[in-house]
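Only one structure is covered here, and it is reproduced in the block below.
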Amino acid sequence: GKRLGGAVPKVLTPLWGRASVAWPVVAARKAGVERLVVVGGEHLPAIEKALAAHPVRCVRQERPRGTGDALLSAATALEGASGPLVVLY
């Protein structure tokens with residue numbers, strides 16, 4: 001991202017050997033989360049590539065309009081889910 005001083009989007013910035021987006025994914029898996037949905041925008045193909053080794057479903061948010069809109073973007077991927085919902089970002 002711009003504030004990080006590079007051309008790489010924040011979610012793809014490497015931190016200790018993996019893209020920053022992978023850290024909450026790994027933590028959620030270790031905590032027992034079974035179903036993970038990652039919402040991305042224009043960089044979704046690169047996010048999918050960065051998470052290829054992780055069992056997640058990626059969905060596109062057409063325009064970045066905040067967390068609530070990201071949840072709406074994930075609605076189809078969350079159909080049939082039950083139990084607690086945790087939002088990480």
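Chain labels follow the order of the structure tokens: the first chain is A, the next B, and so on; residue numbering restarts at 1 in every chain, and ligands are counted from 1 in their shown order.
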
Residues within 10 Å of Leu78 in chain A, please, as a PDB file with C-alpha atoms, in the first residue's frame. Count only C-alpha atoms; anything in the same chain fewer than 3 positions from it doesn't count.
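Everything below was put into out-v3.pdb:
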```pdb
ATOM      1  CA  ARG A  35     -14.945 -22.330   6.907  1.00  0.00           C
ATOM      2  CA  LEU A  36     -12.938 -19.304   5.803  1.00  0.00           C
ATOM      3  CA  VAL A  37     -14.046 -16.732   3.254  1.00  0.00           C
ATOM      4  CA  ARG A  57     -12.854 -19.464  -0.518  1.00  0.00           C
ATOM      5  CA  LEU A  71     -19.900  -9.175   4.431  1.00  0.00           C
ATOM      6  CA  LEU A  72     -22.641  -8.725   1.830  1.00  0.00           C
ATOM      7  CA  SER A  73     -20.117  -9.757  -0.830  1.00  0.00           C
ATOM      8  CA  ALA A  74     -19.434 -12.940   1.148  1.00  0.00           C
ATOM      9  CA  ALA A  75     -23.118 -13.777   1.706  1.00  0.00           C
ATOM     10  CA  ALA A  81     -23.341 -21.659   7.696  1.00  0.00           C
ATOM     11  CA  SER A  82     -24.372 -21.845  11.319  1.00  0.00           C
ATOM     12  CA  LEU A  85     -19.328 -15.538  12.655  1.00  0.00           C
TER      13      LEU A  85
END
```

Do you know which residues are at most 12 Å from Arg18 in chain A counting only C-alpha atoms, after dropping those on the same chain fewer than 2 positions away, and could you put them as a compact mmCIF listing (two decimals) with N, CA, C and O atoms, in the first residue's frame?
```txt
# COMPACT_ATOMS: atom_id res chain seq x y z
N VAL A 11 -2.29 -6.23 1.83
CA VAL A 11 -2.60 -7.63 2.14
C VAL A 11 -1.60 -8.61 1.55
O VAL A 11 -1.53 -9.75 1.97
N LEU A 12 -0.81 -8.15 0.60
CA LEU A 12 0.19 -9.02 -0.03
C LEU A 12 1.61 -8.72 0.44
O LEU A 12 2.55 -9.40 0.02
N THR A 13 1.77 -7.74 1.31
CA THR A 13 3.09 -7.40 1.82
C THR A 13 3.67 -8.60 2.57
O THR A 13 3.01 -9.15 3.45
N PRO A 14 4.89 -9.01 2.24
CA PRO A 14 5.49 -10.16 2.93
C PRO A 14 5.87 -9.81 4.38
O PRO A 14 6.48 -8.78 4.61
N LEU A 15 5.43 -10.65 5.28
CA LEU A 15 5.78 -10.52 6.71
C LEU A 15 6.25 -11.88 7.21
O LEU A 15 5.48 -12.83 7.21
N TRP A 16 7.50 -11.96 7.61
CA TRP A 16 8.07 -13.18 8.17
C TRP A 16 7.76 -14.41 7.32
O TRP A 16 7.33 -15.45 7.82
N SER A 20 0.88 -10.94 4.24
CA SER A 20 0.18 -10.54 5.47
C SER A 20 -1.24 -11.10 5.54
O SER A 20 -1.72 -11.42 6.62
N VAL A 21 -1.91 -11.28 4.40
CA VAL A 21 -3.26 -11.85 4.40
C VAL A 21 -3.27 -13.29 4.92
O VAL A 21 -4.30 -13.76 5.43
N ALA A 22 -2.17 -13.99 4.81
CA ALA A 22 -2.12 -15.39 5.26
C ALA A 22 -2.07 -15.52 6.79
O ALA A 22 -2.50 -16.54 7.32
N TRP A 23 -1.57 -14.51 7.48
CA TRP A 23 -1.44 -14.62 8.94
C TRP A 23 -2.77 -14.83 9.66
O TRP A 23 -2.91 -15.75 10.46
N PRO A 24 -3.81 -14.01 9.40
CA PRO A 24 -5.09 -14.28 10.08
C PRO A 24 -5.73 -15.59 9.61
O PRO A 24 -6.43 -16.25 10.38
N VAL A 25 -5.48 -15.99 8.37
CA VAL A 25 -6.00 -17.26 7.87
C VAL A 25 -5.40 -18.42 8.67
O VAL A 25 -6.11 -19.31 9.14
N VAL A 26 -4.09 -18.40 8.83
CA VAL A 26 -3.42 -19.44 9.60
C VAL A 26 -3.88 -19.43 11.05
O VAL A 26 -4.17 -20.49 11.64
N ILE A 47 -4.35 -12.29 -4.39
CA ILE A 47 -4.70 -12.81 -3.06
C ILE A 47 -4.96 -14.31 -3.14
O ILE A 47 -4.48 -15.08 -2.31
N LYS A 49 -3.74 -16.36 -5.27
CA LYS A 49 -2.44 -17.01 -5.47
C LYS A 49 -1.66 -17.10 -4.16
O LYS A 49 -1.09 -18.14 -3.85
N ALA A 50 -1.70 -16.03 -3.37
CA ALA A 50 -0.99 -16.02 -2.09
C ALA A 50 -1.58 -17.02 -1.10
O ALA A 50 -0.88 -17.53 -0.23
N LEU A 51 -2.87 -17.32 -1.26
CA LEU A 51 -3.56 -18.23 -0.34
C LEU A 51 -3.80 -19.61 -0.94
O LEU A 51 -4.55 -20.41 -0.38
N ALA A 52 -3.15 -19.91 -2.05
CA ALA A 52 -3.39 -21.17 -2.76
C ALA A 52 -3.15 -22.40 -1.89
O ALA A 52 -3.81 -23.43 -2.06
N ALA A 53 -2.25 -22.31 -0.94
CA ALA A 53 -1.95 -23.46 -0.08
C ALA A 53 -2.91 -23.57 1.10
O ALA A 53 -2.80 -24.51 1.89
N HIS A 54 -3.85 -22.64 1.21
CA HIS A 54 -4.77 -22.61 2.35
C HIS A 54 -6.19 -22.92 1.88
O HIS A 54 -6.63 -22.40 0.85
```

- Task: May I ask which of the residues A:Val8, A:Lys30, A:Leu88, A:Val39 is the closest one to Thr76 in chain A, counting only C-alpha atoms?
- Result: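 Distance minimum relative to Thr76 in chain A lands on A:Val39.
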
- Query: Just how far from CA of Pro84 in chain A is CA of Gln61 in chain A, in Å to one decimal?
  - Reply: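 Between CA of Gln61 in chain A and CA of Pro84 in chain A the gap is 22.2 Å.
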
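Computed from the coordinates, the CA of Ala70 in chain A to CA of Val56 in chain A distance equals 15.7 Å.
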
- Between CA of Arg60 in chain A and CA of Gly17 in chain A, what is the distance, to one decimal in Å? 25.3 Å

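With only C-alpha atoms as the atoms that count, the residue of A:Pro55, A:Gly80, A:Glu62, A:Gly68 with the shortest distance to Val33 in chain A is A:Pro55.
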
- Pick out each residue of chain A that DSSP on the backbone tags as strand (DSSP E); I need them as a PyMOL selection string. chain A and resi 14-15+18-19+37-40+57-60

Dump of N, CA, C and O atoms for the selected residues, as a PDB file, in the first residue's frame:
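Output file part-v8.pdb follows:
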```pdb
ATOM      1  N   PRO A  14       4.886  -9.013   2.236  1.00  0.00           N
ATOM      2  CA  PRO A  14       5.488 -10.157   2.933  1.00  0.00           C
ATOM      3  C   PRO A  14       5.867  -9.805   4.376  1.00  0.00           C
ATOM      4  O   PRO A  14       6.483  -8.783   4.614  1.00  0.00           O
ATOM      5  N   LEU A  15       5.428 -10.652   5.285  1.00  0.00           N
ATOM      6  CA  LEU A  15       5.777 -10.524   6.707  1.00  0.00           C
ATOM      7  C   LEU A  15       6.248 -11.876   7.212  1.00  0.00           C
ATOM      8  O   LEU A  15       5.483 -12.831   7.208  1.00  0.00           O
ATOM      9  N   ARG A  18       5.535 -14.912   4.749  1.00  0.00           N
ATOM     10  CA  ARG A  18       4.241 -15.130   4.076  1.00  0.00           C
ATOM     11  C   ARG A  18       3.536 -13.792   3.883  1.00  0.00           C
ATOM     12  O   ARG A  18       3.818 -12.840   4.595  1.00  0.00           O
ATOM     13  N   ALA A  19       2.613 -13.767   2.942  1.00  0.00           N
ATOM     14  CA  ALA A  19       1.828 -12.551   2.702  1.00  0.00           C
ATOM     15  C   ALA A  19       1.027 -12.215   3.956  1.00  0.00           C
ATOM     16  O   ALA A  19       0.540 -13.118   4.655  1.00  0.00           O
ATOM     17  N   VAL A  37     -13.752 -17.469   4.480  1.00  0.00           N
ATOM     18  CA  VAL A  37     -14.046 -16.732   3.254  1.00  0.00           C
ATOM     19  C   VAL A  37     -13.212 -15.457   3.301  1.00  0.00           C
ATOM     20  O   VAL A  37     -13.273 -14.708   4.264  1.00  0.00           O
ATOM     21  N   VAL A  38     -12.429 -15.239   2.262  1.00  0.00           N
ATOM     22  CA  VAL A  38     -11.598 -14.041   2.159  1.00  0.00           C
ATOM     23  C   VAL A  38     -12.207 -13.151   1.084  1.00  0.00           C
ATOM     24  O   VAL A  38     -12.466 -13.605  -0.028  1.00  0.00           O
ATOM     25  N   VAL A  39     -12.448 -11.896   1.437  1.00  0.00           N
ATOM     26  CA  VAL A  39     -13.038 -10.931   0.507  1.00  0.00           C
ATOM     27  C   VAL A  39     -11.934 -10.019  -0.001  1.00  0.00           C
ATOM     28  O   VAL A  39     -11.155  -9.483   0.783  1.00  0.00           O
ATOM     29  N   GLY A  40     -11.864  -9.860  -1.316  1.00  0.00           N
ATOM     30  CA  GLY A  40     -10.870  -8.980  -1.917  1.00  0.00           C
ATOM     31  C   GLY A  40     -11.473  -8.164  -3.031  1.00  0.00           C
ATOM     32  O   GLY A  40     -12.570  -8.440  -3.489  1.00  0.00           O
ATOM     33  N   ARG A  57     -12.100 -19.870   0.673  1.00  0.00           N
ATOM     34  CA  ARG A  57     -12.854 -19.464  -0.518  1.00  0.00           C
ATOM     35  C   ARG A  57     -12.693 -17.956  -0.641  1.00  0.00           C
ATOM     36  O   ARG A  57     -12.875 -17.222   0.333  1.00  0.00           O
ATOM     37  N   CYS A  58     -12.324 -17.499  -1.792  1.00  0.00           N
ATOM     38  CA  CYS A  58     -12.143 -16.075  -2.036  1.00  0.00           C
ATOM     39  C   CYS A  58     -13.314 -15.541  -2.849  1.00  0.00           C
ATOM     40  O   CYS A  58     -13.760 -16.181  -3.794  1.00  0.00           O
ATOM     41  N   VAL A  59     -13.810 -14.375  -2.466  1.00  0.00           N
ATOM     42  CA  VAL A  59     -14.900 -13.723  -3.191  1.00  0.00           C
ATOM     43  C   VAL A  59     -14.518 -12.272  -3.451  1.00  0.00           C
ATOM     44  O   VAL A  59     -13.722 -11.685  -2.731  1.00  0.00           O
ATOM     45  N   ARG A  60     -15.113 -11.715  -4.475  1.00  0.00           N
ATOM     46  CA  ARG A  60     -14.785 -10.350  -4.891  1.00  0.00           C
ATOM     47  C   ARG A  60     -15.779  -9.342  -4.336  1.00  0.00           C
ATOM     48  O   ARG A  60     -16.993  -9.536  -4.404  1.00  0.00           O
TER      49      ARG A  60
END
```

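On the backbone of this structure, DSSP gives alpha helix (DSSP H) within range 22-82 of chain A to A:Ala22, A:Trp23, A:Pro24, A:Val25, A:Val26, A:Ala27, A:Ala28, A:Arg29, A:Lys30, A:Leu44, A:Pro45, A:Ala46, A:Ile47, A:Glu48, A:Lys49, A:Ala50, A:Thr67, A:Gly68, A:Asp69, A:Ala70, A:Leu71, A:Leu72, A:Ser73.
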
Taking N, CA, C and O atoms for each residue, export the selection above as a PDB file, in the first residue's frame.
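Result file follows (part13.pdb):
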```pdb
ATOM      1  N   ALA A  22      -2.171 -13.989   4.814  1.00  0.00           N
ATOM      2  CA  ALA A  22      -2.121 -15.385   5.263  1.00  0.00           C
ATOM      3  C   ALA A  22      -2.070 -15.516   6.785  1.00  0.00           C
ATOM      4  O   ALA A  22      -2.496 -16.543   7.319  1.00  0.00           O
ATOM      5  N   TRP A  23      -1.567 -14.511   7.480  1.00  0.00           N
ATOM      6  CA  TRP A  23      -1.442 -14.625   8.940  1.00  0.00           C
ATOM      7  C   TRP A  23      -2.775 -14.828   9.663  1.00  0.00           C
ATOM      8  O   TRP A  23      -2.905 -15.754  10.461  1.00  0.00           O
ATOM      9  N   PRO A  24      -3.813 -14.011   9.405  1.00  0.00           N
ATOM     10  CA  PRO A  24      -5.086 -14.285  10.077  1.00  0.00           C
ATOM     11  C   PRO A  24      -5.730 -15.587   9.606  1.00  0.00           C
ATOM     12  O   PRO A  24      -6.432 -16.250  10.377  1.00  0.00           O
ATOM     13  N   VAL A  25      -5.477 -15.986   8.370  1.00  0.00           N
ATOM     14  CA  VAL A  25      -6.005 -17.260   7.865  1.00  0.00           C
ATOM     15  C   VAL A  25      -5.397 -18.415   8.667  1.00  0.00           C
ATOM     16  O   VAL A  25      -6.115 -19.306   9.140  1.00  0.00           O
ATOM     17  N   VAL A  26      -4.091 -18.396   8.833  1.00  0.00           N
ATOM     18  CA  VAL A  26      -3.416 -19.445   9.600  1.00  0.00           C
ATOM     19  C   VAL A  26      -3.879 -19.433  11.054  1.00  0.00           C
ATOM     20  O   VAL A  26      -4.165 -20.487  11.641  1.00  0.00           O
ATOM     21  N   ALA A  27      -4.003 -18.252  11.646  1.00  0.00           N
ATOM     22  CA  ALA A  27      -4.450 -18.140  13.043  1.00  0.00           C
ATOM     23  C   ALA A  27      -5.873 -18.667  13.210  1.00  0.00           C
ATOM     24  O   ALA A  27      -6.169 -19.376  14.184  1.00  0.00           O
ATOM     25  N   ALA A  28      -6.746 -18.350  12.265  1.00  0.00           N
ATOM     26  CA  ALA A  28      -8.134 -18.834  12.339  1.00  0.00           C
ATOM     27  C   ALA A  28      -8.183 -20.349  12.238  1.00  0.00           C
ATOM     28  O   ALA A  28      -8.918 -21.006  12.988  1.00  0.00           O
ATOM     29  N   ARG A  29      -7.403 -20.926  11.353  1.00  0.00           N
ATOM     30  CA  ARG A  29      -7.352 -22.396  11.230  1.00  0.00           C
ATOM     31  C   ARG A  29      -6.878 -23.025  12.531  1.00  0.00           C
ATOM     32  O   ARG A  29      -7.457 -24.001  12.996  1.00  0.00           O
ATOM     33  N   LYS A  30      -5.819 -22.462  13.102  1.00  0.00           N
ATOM     34  CA  LYS A  30      -5.289 -22.999  14.361  1.00  0.00           C
ATOM     35  C   LYS A  30      -6.308 -22.882  15.493  1.00  0.00           C
ATOM     36  O   LYS A  30      -6.312 -23.701  16.405  1.00  0.00           O
ATOM     37  N   LEU A  44      -7.763  -9.403  -6.127  1.00  0.00           N
ATOM     38  CA  LEU A  44      -8.214 -10.741  -5.760  1.00  0.00           C
ATOM     39  C   LEU A  44      -7.401 -11.865  -6.414  1.00  0.00           C
ATOM     40  O   LEU A  44      -7.045 -12.816  -5.725  1.00  0.00           O
ATOM     41  N   PRO A  45      -7.060 -11.798  -7.687  1.00  0.00           N
ATOM     42  CA  PRO A  45      -6.258 -12.889  -8.253  1.00  0.00           C
ATOM     43  C   PRO A  45      -4.922 -13.093  -7.527  1.00  0.00           C
ATOM     44  O   PRO A  45      -4.510 -14.228  -7.279  1.00  0.00           O
ATOM     45  N   ALA A  46      -4.276 -12.011  -7.142  1.00  0.00           N
ATOM     46  CA  ALA A  46      -3.010 -12.124  -6.411  1.00  0.00           C
ATOM     47  C   ALA A  46      -3.241 -12.661  -5.001  1.00  0.00           C
ATOM     48  O   ALA A  46      -2.422 -13.425  -4.472  1.00  0.00           O
ATOM     49  N   ILE A  47      -4.355 -12.295  -4.387  1.00  0.00           N
ATOM     50  CA  ILE A  47      -4.703 -12.811  -3.059  1.00  0.00           C
ATOM     51  C   ILE A  47      -4.956 -14.310  -3.144  1.00  0.00           C
ATOM     52  O   ILE A  47      -4.477 -15.077  -2.309  1.00  0.00           O
ATOM     53  N   GLU A  48      -5.699 -14.730  -4.158  1.00  0.00           N
ATOM     54  CA  GLU A  48      -5.961 -16.162  -4.352  1.00  0.00           C
ATOM     55  C   GLU A  48      -4.648 -16.930  -4.528  1.00  0.00           C
ATOM     56  O   GLU A  48      -4.483 -18.015  -3.977  1.00  0.00           O
ATOM     57  N   LYS A  49      -3.737 -16.361  -5.271  1.00  0.00           N
ATOM     58  CA  LYS A  49      -2.438 -17.009  -5.474  1.00  0.00           C
ATOM     59  C   LYS A  49      -1.664 -17.098  -4.159  1.00  0.00           C
ATOM     60  O   LYS A  49      -1.087 -18.138  -3.849  1.00  0.00           O
ATOM     61  N   ALA A  50      -1.695 -16.026  -3.368  1.00  0.00           N
ATOM     62  CA  ALA A  50      -0.986 -16.020  -2.090  1.00  0.00           C
ATOM     63  C   ALA A  50      -1.576 -17.022  -1.105  1.00  0.00           C
ATOM     64  O   ALA A  50      -0.884 -17.527  -0.226  1.00  0.00           O
ATOM     65  N   THR A  67     -16.588  -2.721   5.763  1.00  0.00           N
ATOM     66  CA  THR A  67     -16.725  -4.076   6.284  1.00  0.00           C
ATOM     67  C   THR A  67     -18.117  -4.652   6.050  1.00  0.00           C
ATOM     68  O   THR A  67     -18.254  -5.816   5.681  1.00  0.00           O
ATOM     69  N   GLY A  68     -19.149  -3.851   6.250  1.00  0.00           N
ATOM     70  CA  GLY A  68     -20.514  -4.340   6.047  1.00  0.00           C
ATOM     71  C   GLY A  68     -20.745  -4.781   4.614  1.00  0.00           C
ATOM     72  O   GLY A  68     -21.341  -5.830   4.355  1.00  0.00           O
ATOM     73  N   ASP A  69     -20.251  -3.998   3.665  1.00  0.00           N
ATOM     74  CA  ASP A  69     -20.392  -4.360   2.265  1.00  0.00           C
ATOM     75  C   ASP A  69     -19.562  -5.596   1.933  1.00  0.00           C
ATOM     76  O   ASP A  69     -19.970  -6.423   1.128  1.00  0.00           O
ATOM     77  N   ALA A  70     -18.406  -5.738   2.569  1.00  0.00           N
ATOM     78  CA  ALA A  70     -17.591  -6.940   2.368  1.00  0.00           C
ATOM     79  C   ALA A  70     -18.367  -8.173   2.834  1.00  0.00           C
ATOM     80  O   ALA A  70     -18.342  -9.220   2.186  1.00  0.00           O
ATOM     81  N   LEU A  71     -19.075  -8.056   3.954  1.00  0.00           N
ATOM     82  CA  LEU A  71     -19.900  -9.175   4.431  1.00  0.00           C
ATOM     83  C   LEU A  71     -21.009  -9.506   3.440  1.00  0.00           C
ATOM     84  O   LEU A  71     -21.308 -10.679   3.199  1.00  0.00           O
ATOM     85  N   LEU A  72     -21.618  -8.481   2.855  1.00  0.00           N
ATOM     86  CA  LEU A  72     -22.641  -8.725   1.830  1.00  0.00           C
ATOM     87  C   LEU A  72     -22.035  -9.440   0.629  1.00  0.00           C
ATOM     88  O   LEU A  72     -22.668 -10.324   0.045  1.00  0.00           O
ATOM     89  N   SER A  73     -20.802  -9.094   0.281  1.00  0.00           N
ATOM     90  CA  SER A  73     -20.117  -9.757  -0.830  1.00  0.00           C
ATOM     91  C   SER A  73     -19.880 -11.234  -0.536  1.00  0.00           C
ATOM     92  O   SER A  73     -19.833 -12.060  -1.442  1.00  0.00           O
TER      93      SER A  73
END
```
